[in-house]
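Right, one structure below, let's go through it.
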Amino acid sequence: MITIKSPWLWLLAIVSLLCAWLPLMPSIVAFFDFPQWLGTLDSRLLLLLWRSIWMSSAAAIGALILGWPLGLFLGRYRFPLRSTYLLFLPLSLMLPPLMVAQAWHGLTGMNGVWASVFSFACCYAPLPALLVIRSLSKQSSASYDAARMVSGGLGLRLLISHTRSAAFVGAAFCFIFSIGDFAVPDYFATVGDLFHVYSSEVFSNSRNSDFTAGAVSSLPLIIISLAMLLGLLPWLKNQQQHTSQQCAQPHTVKHSMSLSMFCLGVTTVLVFAIIGRMYFETGMRGPLATSSWLQTSSKAFADAFSLGRSDMIRTFQFASIGALICMVVAPLWAFVFHYSSGLKRNLLFVILVMPMLVPSLSLGFGSIVVFNQPYLDVFYNSIWLPAMLIAGRFMPIAVLICINAFGSQAAAVDNSAKLHGLSIGQRVYALFVRNNWRACLLGGALVFVFAMRELDFAILLPAANQSTAVRYYNALHFSRDNFVAAFGLSICFILFLPVMLHSWLSKNSS
Amino acid sequence: MTQPILNIQQLCKSFGEQPVLRGLDMQLKAGQRIAILGESGCGKSTLLRVISGLEEYDSGQVTLEHPRRCLMVFQDLGLWPSHTSMQQLVMAAKASKIDDAAAKAKRLLEQLRISHIADRKPATISGGEARRLAFARVLICQPKLILLDEAFSSLDSDNRQKGIELLQEVLGLSSAAVIMVTHNQDDATQLGFPVFNLVDGQLLAR
Amino acid sequence: MSKIYSIICILLLGACSKPADLVIYCSLDQDLSEQIIRDFEEQHDIDINVQFDVERNKTVGLVSRIIAEAKNPQADVFWNNEIAHTIRLKSLGLTTPYAPATAEGIPAIFIDADNHYTGFAARARVIMYRTDIEVNYPKHLNDFLNSEYAENGVMAQPLTGTTLSNFAYLIQQSSTAEVVQWFDDVKSAGLGFSAGNADAMRRVCAGDYDWCFTDTDDAAKAVANGYAVDIHYLDQGIGKSGAMLIPNSICLIDGAQQNEMAKKFIDYVVSAESELRLANSTSAQIPLHRGITMPDGIQLPNRDYPVLDIPWAAVAAELDGAASTFQELFVR
């Protein structure tokens, strides 16, 4: 049904090739060493792999337990302080996982494997919650009301089945991000009993001068993540389609205070406790310090603004361009997936998600190998390179959200457009994007947030090196703890400011 | 003798192991209007989707003289949620390379007595208005063949009668051929269309 | 939506920049080195592009980047916060000789015989211990084997940074098997391990341990943050006493585009003035110029405490092998 004749699909192919596949090539070539690498698989590596798998699965389940009900309640019911919880929910995604880990250790003294699982669950619980809320905003009012009138239980069952795929996509991302992260397990290992995860092995291998060793040893993680995402695809496409133009709105419910208390509890775990602890850390000092807590904290914030300002602007630039590329290209990808099936669809999916699954370092080194050419110097040193890599790496997040949105759009909307002779561009941008701009914006926003947190290839690329993540981790390593807390909080609040303003203005105008 | 605008020979289509259309033959001349009757799940909608090109088929031949002038009114109308009525008509007309799209759209909205919803989006108009808009969007493209997929299935008896009257009114504005699929024989009888039965994947004249 | 696109378009316009006059890769703490570099930029009215490193994620960082960029070098100067990896770059033929005049007074053991790099402003590998309680801390590396010391102490895993260089040196002095055995023994004796030196320092500040094996700059930061701690220069000598000093090192990258300005920058950084600035910073780096007046609180190497002569080239040759050995040993 889809042919490559459309210029829009050529655009898709070229952008994807440039953003993701050219820098990926050196790693792909290295994958041919996998059989040889398998020969080195021993009990130590298998233990690491097993630990990574169960820890990430537990984190994903934790994210579901925290995020799914939160999303359901916030998306479907009205209760006291609902808008406040909705406002603060995205904030927790802006906190680097390591900061969440440090905050929880500072608050409770927790350590070890389960502390790591808990931190990941907290970090990524907003993903299922946000996706569930978005999915509920598209639920047919008629079908929900009909079920609710039969019984409250049936209404709830319908809510659960309607949001299931969105929640599972969020949890799948939690699994994928957790299994590739080693900073958090590394941190909890150092504050308690020492343990390691498989990604530590991948990063240790990447330290060698031959970076491809890291790429090869990451293949087990890539295969596991890929299988999980491929399994999710049919779910996403077979969303419950509704024909009504009316979407269900949040409604009041008995026990609204209990719901509010539940959401307060979860939001405290995900956001308030962490922010509070970080704020406390901005002024933390030893017993012999001559300055007060307030003086220490004020100096930390002053340093954060004066030293980090230009980094923030630069990071904002390349993260925005990356997110923008995703917002333009992801709906096209979603369109292609919607109309493909079987082997072709799975192959396309592998092509799409591979840049997100390979270690970030491999992608960074691949960019150096491919783009560090005398005739490309201007491009190599510009912010376009990190922007493109960000788009290539985090595109799957935006695409999966768009596939989900496409699946929930009534089939006749696009079918009628096709029969009327609308081009693919019109069908995607004039119809789908216009009708689902919140989904596209959410995809872009998530790409932006992940771009802000990206460290590994940021170190390797000229224009991304002076970024917030590099300054943050640099200060962290060199124990500028007050600065780290103040800088982290400043980034969060600067990112959060537009959200707050938007919320405040829309409240005042309504 | 006039050339058929639609010629179907030995059309076969299965979903997995389940055959739906089994060697179906059919011809339609310009301006000819027919109704296809059949039980739910017998393949009526599939036949329309195959004719319109929305669905691939397994074997046989489907020849449309004016493939770009074959349009469908869907069971759930398929209006574009983020466009006003006027925008829907203009966009459809432009895609079909119809000149003077805006003026024609305005005239059509007036003819169908829905000019008051010109600047409104589908979510803010009534069911009857939405149905008129769906027909208007098809008519503005000057179709040669209109496919109607269970056009009245979701309506109660009062509204069904109004729907049939609307369809008669709309079809009076066009000389297009029509294939209407329905599971309700009364619809076909009231419209005076010759009726064919779709049974076991074959089309049988009644 | 259109508003969002407009904002991003404005950002895109701001994304254009002209190429820098000098490109410096710097793995010393951004907080310490940035101002020194910006002052040079201002003095010469040039535009410097500085690229920093991060050790926290154990990334290959700037050294691997220089190796990967070898075909079309981007850096003019590499300012490394240690020395072994600079030697590795030299052995790969990625550096070019330059002898800064301002290095006069720095002992010859810190300067490459072929002038490919110059060492300056060092850190020492030390024991940092709490002073608010009575602490029995080790005075020699062999004391780590004694559980009386080990149970209350912590050190970084030797996977990266100065700790890796430290134990690569010990492998070079003895053997891989002996060092692996040493780690097995100190683990049995109850020694704690952390992700990095800063983490080890933090755990002592937090009261989890009484002492840690770390670098002087981490210890200096703990003091600056108001924690009751002090340092002891750990004797690591085998046969001969001495603490380990790890200097910063600076080198000219082969194929550097801005050769003259790059040389001026190297002169500026290895000068006694810059060493003093680093000594007076919160990281209290140890100046190497002979005859320099030491700031308060910094002890003079080979006067106040003995220092080991480290055969850095041989240590650098051990790095990769040591990293693999320790990965097998610790990443599990």
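By order in the structure tokens, chains are A, B, ...; within a chain, residues start at 1; ligands start at 1, following the order shown.
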
Could you please select, counting only C-alpha atoms, the residues of chain A within 8 Å of chain B and state them as a ChimeraX atom specification?
-> /A:1,243,245-246,410-417,419-423,431,434-435

Surrounding residues of A:Leu131 excluding itself and chain neighbours under 3 positions, 12 Å, only C-alpha atoms, as a PyMOL selection string | chain A and resi 64+67-72+74-75+89-90+124-128+134-138+162-173+236+397-398+400-402+404-405+438-440+442-443+446

Distance query A:Leu389 at most 8 Å, only C-alpha atoms, self and fewer than 6 positions along chain excluded, as a PyMOL selection string = chain A and resi 19-20+322+363

Residues within 10 Å of C:Pro100, only C-alpha atoms, excluding chain neighbours under 4 positions, as a ChimeraX atom specification = /C:104,115,117-118,263-271

So which bits of stretch 101-165 of chain B end up helix (DSSP H, G or I) when you DSSP the backbone, as number ranges by chain?
-> B: 101-111, 115-117, 122-124, 127-139, 157-165

Hey, can you spit out that residue selection with N, CA and C atoms as a CSV table (one decimal), in the first residue's frame?
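Output file selection_16.csv follows:
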chain,number,residue,atom,x,y,z
B,101,ALA,N,-12.4,26.1,-6.2
B,101,ALA,CA,-12.9,25.2,-5.1
B,101,ALA,C,-13.7,25.9,-4.1
B,102,ALA,N,-13.3,27.1,-3.7
B,102,ALA,CA,-14.0,27.8,-2.6
B,102,ALA,C,-15.4,28.1,-3.0
B,103,ALA,N,-15.6,28.7,-4.2
B,103,ALA,CA,-16.9,29.1,-4.6
B,103,ALA,C,-17.8,27.9,-4.7
B,104,LYS,N,-17.3,26.8,-5.3
B,104,LYS,CA,-18.1,25.6,-5.5
B,104,LYS,C,-18.5,25.0,-4.1
B,105,ALA,N,-17.5,25.1,-3.2
B,105,ALA,CA,-17.8,24.5,-1.8
B,105,ALA,C,-18.9,25.3,-1.2
B,106,LYS,N,-18.9,26.6,-1.3
B,106,LYS,CA,-19.9,27.5,-0.7
B,106,LYS,C,-21.3,27.2,-1.3
B,107,ARG,N,-21.3,27.0,-2.7
B,107,ARG,CA,-22.5,26.7,-3.4
B,107,ARG,C,-23.1,25.4,-2.9
B,108,LEU,N,-22.2,24.4,-2.7
B,108,LEU,CA,-22.7,23.1,-2.4
B,108,LEU,C,-23.2,23.1,-0.9
B,109,LEU,N,-22.6,23.8,-0.1
B,109,LEU,CA,-23.1,23.9,1.3
B,109,LEU,C,-24.5,24.5,1.3
B,110,GLU,N,-24.6,25.5,0.5
B,110,GLU,CA,-26.0,26.1,0.4
B,110,GLU,C,-27.0,25.2,-0.2
B,111,GLN,N,-26.6,24.4,-1.2
B,111,GLN,CA,-27.5,23.5,-1.9
B,111,GLN,C,-28.0,22.4,-0.8
B,115,SER,N,-25.0,25.7,5.0
B,115,SER,CA,-24.0,26.8,5.0
B,115,SER,C,-23.7,27.4,6.3
B,116,HIS,N,-24.6,27.2,7.3
B,116,HIS,CA,-24.4,27.8,8.7
B,116,HIS,C,-23.3,27.0,9.4
B,117,ILE,N,-22.9,25.8,8.9
B,117,ILE,CA,-21.8,25.1,9.6
B,117,ILE,C,-20.4,25.3,8.9
B,122,PRO,N,-16.2,19.2,12.9
B,122,PRO,CA,-17.2,18.1,13.0
B,122,PRO,C,-17.7,17.9,14.5
B,123,ALA,N,-16.8,18.2,15.5
B,123,ALA,CA,-17.2,17.9,16.8
B,123,ALA,C,-18.4,18.8,17.3
B,124,THR,N,-18.6,19.9,16.5
B,124,THR,CA,-19.6,20.9,17.0
B,124,THR,C,-20.9,20.9,16.1
B,127,GLY,N,-25.5,15.2,14.0
B,127,GLY,CA,-25.3,14.0,13.2
B,127,GLY,C,-25.8,14.2,11.8
B,128,GLY,N,-27.0,14.8,11.7
B,128,GLY,CA,-27.6,15.0,10.4
B,128,GLY,C,-26.7,16.0,9.5
B,129,GLU,N,-26.2,17.0,10.2
B,129,GLU,CA,-25.3,17.9,9.5
B,129,GLU,C,-24.0,17.2,9.0
B,130,ALA,N,-23.5,16.4,9.9
B,130,ALA,CA,-22.3,15.7,9.6
B,130,ALA,C,-22.5,14.8,8.4
B,131,ARG,N,-23.7,14.2,8.3
B,131,ARG,CA,-24.0,13.3,7.1
B,131,ARG,C,-24.0,14.1,5.8
B,132,ARG,N,-24.7,15.3,5.9
B,132,ARG,CA,-24.8,16.1,4.7
B,132,ARG,C,-23.4,16.6,4.3
B,133,LEU,N,-22.5,16.9,5.4
B,133,LEU,CA,-21.2,17.3,5.1
B,133,LEU,C,-20.4,16.2,4.4
B,134,ALA,N,-20.6,15.0,4.8
B,134,ALA,CA,-19.8,13.9,4.2
B,134,ALA,C,-20.2,13.7,2.8
B,135,PHE,N,-21.5,13.9,2.5
B,135,PHE,CA,-22.0,13.8,1.1
B,135,PHE,C,-21.4,15.0,0.3
B,136,ALA,N,-21.4,16.2,0.9
B,136,ALA,CA,-20.9,17.3,0.2
B,136,ALA,C,-19.5,17.2,-0.2
B,137,ARG,N,-18.7,16.6,0.7
B,137,ARG,CA,-17.3,16.4,0.5
B,137,ARG,C,-17.1,15.4,-0.7
B,138,VAL,N,-18.0,14.5,-0.8
B,138,VAL,CA,-17.8,13.6,-2.0
B,138,VAL,C,-18.3,14.3,-3.3
B,139,LEU,N,-19.4,15.0,-3.2
B,139,LEU,CA,-20.0,15.6,-4.4
B,139,LEU,C,-19.0,16.6,-5.0
B,157,SER,N,-35.2,4.6,13.1
B,157,SER,CA,-36.1,4.5,12.0
B,157,SER,C,-36.4,5.9,11.5
B,158,ASP,N,-36.7,6.9,12.4
B,158,ASP,CA,-37.0,8.3,11.9
B,158,ASP,C,-35.8,8.9,11.1
B,159,ASN,N,-34.7,8.7,11.7
B,159,ASN,CA,-33.5,9.3,11.1
B,159,ASN,C,-33.1,8.6,9.8
B,160,ARG,N,-33.4,7.3,9.8
B,160,ARG,CA,-33.1,6.5,8.6
B,160,ARG,C,-34.0,7.0,7.4
B,161,GLN,N,-35.2,7.4,7.7
B,161,GLN,CA,-36.1,7.9,6.7
B,161,GLN,C,-35.5,9.2,6.1
B,162,LYS,N,-35.0,10.1,7.1
B,162,LYS,CA,-34.4,11.3,6.7
B,162,LYS,C,-33.2,11.1,5.9
B,163,GLY,N,-32.4,10.1,6.3
B,163,GLY,CA,-31.2,9.8,5.6
B,163,GLY,C,-31.4,9.4,4.2
B,164,ILE,N,-32.5,8.6,4.0
B,164,ILE,CA,-32.8,8.1,2.6
B,164,ILE,C,-33.2,9.3,1.8
B,165,GLU,N,-34.1,10.2,2.4
B,165,GLU,CA,-34.5,11.4,1.7
B,165,GLU,C,-33.3,12.2,1.3

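Here atom CA of A:Phe79 and atom CA of A:Val253 stand 7.7 Å from one another.
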
Find the residues near C:Tyr233: any atom within 12 Å, counting only C-alpha atoms, skip ones fewer than 2 places away on the same chain, and give them as a VMD selection string.
-> chain C and resid 123 to 129 137 to 141 212 to 216 219 230 to 231 235 to 237 241 to 245 298 to 302 304 to 308

Which polymer residues have any atom within 10 Å of an atom of B:Pro194, counting only C-alpha atoms, with same-chain residues fewer than 6 positions away left out, as an NGL selection string?
-> :B and (32-36 or 188 or 205-206)

Among B:Lys13, B:Lys144, B:His66, B:Lys29, B:Gly43 is approached most closely, using only C-alpha atoms, by B:Lys13

Find the residue from C:Ala228, C:Ala113, C:Val315, C:Ala272 that sits nearest to chain A; use only C-alpha atoms when measuring.
->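 Nearest candidate to chain A out of C:Ala228, C:Ala113, C:Val315, C:Ala272: C:Ala228.
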
So what do you get for atom CA of B:Pro19 versus atom CA of B:Gly201, distance-wise?
->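 Answer for the atom CA of B:Pro19 to atom CA of B:Gly201 separation: 7.7 Å.
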
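When atom CA of A:Ala387 is paired with atom CA of C:Val50, their separation reads 19.5 Å.
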
Nearest candidate to B:Asp200 (options B:Arg120, B:Gly31, B:Cys42, B:Ile8; using only C-alpha atoms) | B:Cys42

Neighbours of C:Glu151 within 10 Å (only C-alpha atoms; same-chain residues fewer than 2 positions away dropped), as a count of residues only?
-> 18
